[in-house]
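**Q** So that we are looking at the same thing, I have put the structure below in structure tokens.
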Amino acid sequence: MSLRVIAGVAKGRKLKAVPGDTTRPITDKVKQALFNILAGDVVDSTWWDMFAGTGSVGIEALSRGATFVRFTDRYRVPIETIRYNLAHCRLSDRAEVRRADALAMLLHPADRPFQNIYVAPPQYQGLWEKVLLLLDQNPSWLTEDGWVIVQIHPREYKDLELHNLVQFDRRRYGSTLLIFYRLKE
């Protein structure tokens, strides 16, 4: 699969993939659909691209006008790939790349709130559920109007008992499911 930036200042730039099969990059179709849903809300927004892999979603957000994106991944090779892709797209100045365990980070008070937290973890490990439950317990990671966007395989989905977050949309694109959560009003 060829990875590229779809729109914005880095439009058309090819992104390097993480070698091997440890990541599952988002397809252009799903990425385009996601950013169509977000529309103008990307400009001047802040993002946390968890389990970032190639960094494709966060880089797309930066290209479309996001002011800041934090990229996290637990492994060295994805982190090196993200750094390369950011430099290649000339977007490193608005990004923070951390080799870190997102779940461990969520156990601590938020060091900053994000408007969009994108969660696309390795499949079939229940990681998306753990992230949602931790964010539900510690919602200070989200701005008041923030969204958590989860990308999983449809077979992984299940309803979660949440107290501070509420699901408000769910979209399926073939073998990819995007689920949208926000803070309860």
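Residues in the structure tokens are named by chain (A, B, ... in the order shown) and by number from 1 within that chain; ligands are numbered from 1 in the order shown.
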Pick out the residues sitting within 9 Å of Ala7 of chain A, and hand them over as a PyMOL selection string; count only C-alpha atoms, and ignore anything fewer than 4 positions along from it in its own chain.

**A** chain A and resi 11-12+32+60+63-64

**Q** Would you mind exporting the chosen residues as a PDB file, in the first residue's frame, restricted to N, CA and C atoms?

**A**
```pdb
ATOM      1  N   LYS A  11       0.522  18.003   0.693  1.00  0.00           N
ATOM      2  CA  LYS A  11      -0.262  17.171  -0.226  1.00  0.00           C
ATOM      3  C   LYS A  11       0.636  16.488  -1.256  1.00  0.00           C
ATOM      4  N   GLY A  12       0.388  15.183  -1.434  1.00  0.00           N
ATOM      5  CA  GLY A  12       1.106  14.409  -2.432  1.00  0.00           C
ATOM      6  C   GLY A  12       2.409  13.798  -1.956  1.00  0.00           C
ATOM      7  N   GLN A  32      -9.414   9.846   4.128  1.00  0.00           N
ATOM      8  CA  GLN A  32     -10.197  10.910   3.486  1.00  0.00           C
ATOM      9  C   GLN A  32     -11.562  11.044   4.156  1.00  0.00           C
ATOM     10  N   GLU A  60      -1.254  14.026   8.438  1.00  0.00           N
ATOM     11  CA  GLU A  60      -2.372  14.570   7.651  1.00  0.00           C
ATOM     12  C   GLU A  60      -2.997  15.758   8.393  1.00  0.00           C
ATOM     13  N   SER A  63      -0.656  18.706   8.101  1.00  0.00           N
ATOM     14  CA  SER A  63      -0.696  19.219   6.735  1.00  0.00           C
ATOM     15  C   SER A  63      -1.939  20.068   6.501  1.00  0.00           C
ATOM     16  N   ARG A  64      -3.029  19.716   7.191  1.00  0.00           N
ATOM     17  CA  ARG A  64      -4.303  20.429   7.024  1.00  0.00           C
ATOM     18  C   ARG A  64      -4.486  21.568   8.018  1.00  0.00           C
TER      19      ARG A  64
END
```

**Q** Check segment 12-126 of chain A with DSSP on the backbone and list each residue it calls strand (DSSP E or B), as a PDB file with C-alpha atoms, in the first residue's frame.

**A**
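Result written to states_11.pdb:
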```
ATOM      1  CA  LYS A  14       4.804   9.927  -0.029  1.00  0.00           C
ATOM      2  CA  LEU A  15       5.200   8.532   3.475  1.00  0.00           C
ATOM      3  CA  THR A  46      -4.224  19.744  18.752  1.00  0.00           C
ATOM      4  CA  TRP A  47      -3.879  15.983  18.340  1.00  0.00           C
ATOM      5  CA  TRP A  48      -2.456  12.945  20.062  1.00  0.00           C
ATOM      6  CA  ASP A  49      -1.773  10.182  17.549  1.00  0.00           C
ATOM      7  CA  MET A  50      -1.453   7.137  19.851  1.00  0.00           C
ATOM      8  CA  PHE A  68       0.367  20.533  17.282  1.00  0.00           C
ATOM      9  CA  VAL A  69       0.465  16.731  17.170  1.00  0.00           C
ATOM     10  CA  ARG A  70       1.978  14.371  19.740  1.00  0.00           C
ATOM     11  CA  PHE A  71       2.965  11.024  18.236  1.00  0.00           C
ATOM     12  CA  THR A  72       3.533   8.049  20.537  1.00  0.00           C
ATOM     13  CA  ASP A  73       4.543   4.497  19.846  1.00  0.00           C
ATOM     14  CA  ALA A  95       5.200  17.807  16.354  1.00  0.00           C
ATOM     15  CA  GLU A  96       6.388  15.964  19.420  1.00  0.00           C
ATOM     16  CA  VAL A  97       7.508  12.355  18.935  1.00  0.00           C
ATOM     17  CA  ARG A  98       7.729  10.167  22.038  1.00  0.00           C
ATOM     18  CA  ARG A  99       8.723   6.548  22.364  1.00  0.00           C
ATOM     19  CA  PHE A 114      -6.069  17.519  23.108  1.00  0.00           C
ATOM     20  CA  GLN A 115      -8.934  18.262  20.744  1.00  0.00           C
ATOM     21  CA  ASN A 116      -8.465  14.935  18.952  1.00  0.00           C
ATOM     22  CA  ILE A 117      -7.038  11.731  20.340  1.00  0.00           C
ATOM     23  CA  TYR A 118      -6.627   9.156  17.586  1.00  0.00           C
ATOM     24  CA  VAL A 119      -6.471   5.553  18.812  1.00  0.00           C
TER      25      VAL A 119
END
```

**Q** Near segment 28-30 of chain A, within 12 Å and counting only C-alpha atoms, which residues show up once chain neighbours fewer than 6 positions away are dropped, as a PyMOL selection string?

**A** chain A and resi 1-7+12+14-15+36-37+56-57+60+151-152+171-178

**Q** Please provide as an MDAnalysis selection string all residues within 8 Å of segment 130-142 of chain A, with the sequence filter that same-chain residues fewer than 2 positions apart are discarded (counting only C-alpha atoms).

**A** chainID A and resid 102:103 106:107 109:117 119 126:128 144:147 162:165 183

**Q** Report the closest atom pair, with its distance in Å rounded to one decimal, for each residue of segment 7-47 of chain A that has an atom no farther than 12 Å from segment 82-85 of chain A; count only C-alpha atoms, sort by chain and then rising residue number, and write it as a Markdown table.

**A**
```
| residue | atom | partner | partner_atom | distance |
| --- | --- | --- | --- | --- |
| A:Ala10 | CA | A:Asn85 | CA | 10.7 |
| A:Arg13 | CA | A:Asn85 | CA | 9.1 |
| A:Lys14 | CA | A:Asn85 | CA | 8.4 |
| A:Leu15 | CA | A:Asn85 | CA | 5.7 |
| A:Lys16 | CA | A:Asn85 | CA | 6.3 |
| A:Ala17 | CA | A:Asn85 | CA | 9.0 |
| A:Val18 | CA | A:Ile82 | CA | 8.7 |
```

**Q** Can those selected residues be exported to a file as a short mmCIF file (atom, residue, chain, number, x, y, z; two decimals), in the first residue's frame so that it contains N, CA and C atoms?

**A**
```cif
data_model
loop_
_atom_site.label_atom_id
_atom_site.label_comp_id
_atom_site.auth_asym_id
_atom_site.auth_seq_id
_atom_site.Cartn_x
_atom_site.Cartn_y
_atom_site.Cartn_z
N ALA A 10 1.42 19.61 2.70
CA ALA A 10 2.29 18.48 2.31
C ALA A 10 1.59 17.54 1.33
N ARG A 13 2.91 14.22 -0.81
CA ARG A 13 4.17 13.65 -0.31
C ARG A 13 3.96 12.18 0.07
N LYS A 14 4.86 11.35 -0.37
CA LYS A 14 4.80 9.93 -0.03
C LYS A 14 5.38 9.73 1.38
N LEU A 15 4.74 8.85 2.13
CA LEU A 15 5.20 8.53 3.48
C LEU A 15 5.85 7.16 3.47
N LYS A 16 6.92 7.06 4.22
CA LYS A 16 7.61 5.78 4.38
C LYS A 16 6.79 4.90 5.31
N ALA A 17 6.66 3.64 4.95
CA ALA A 17 5.93 2.68 5.80
C ALA A 17 6.88 2.09 6.84
N VAL A 18 6.32 1.62 7.92
CA VAL A 18 7.10 0.91 8.93
C VAL A 18 7.40 -0.48 8.35
#
```
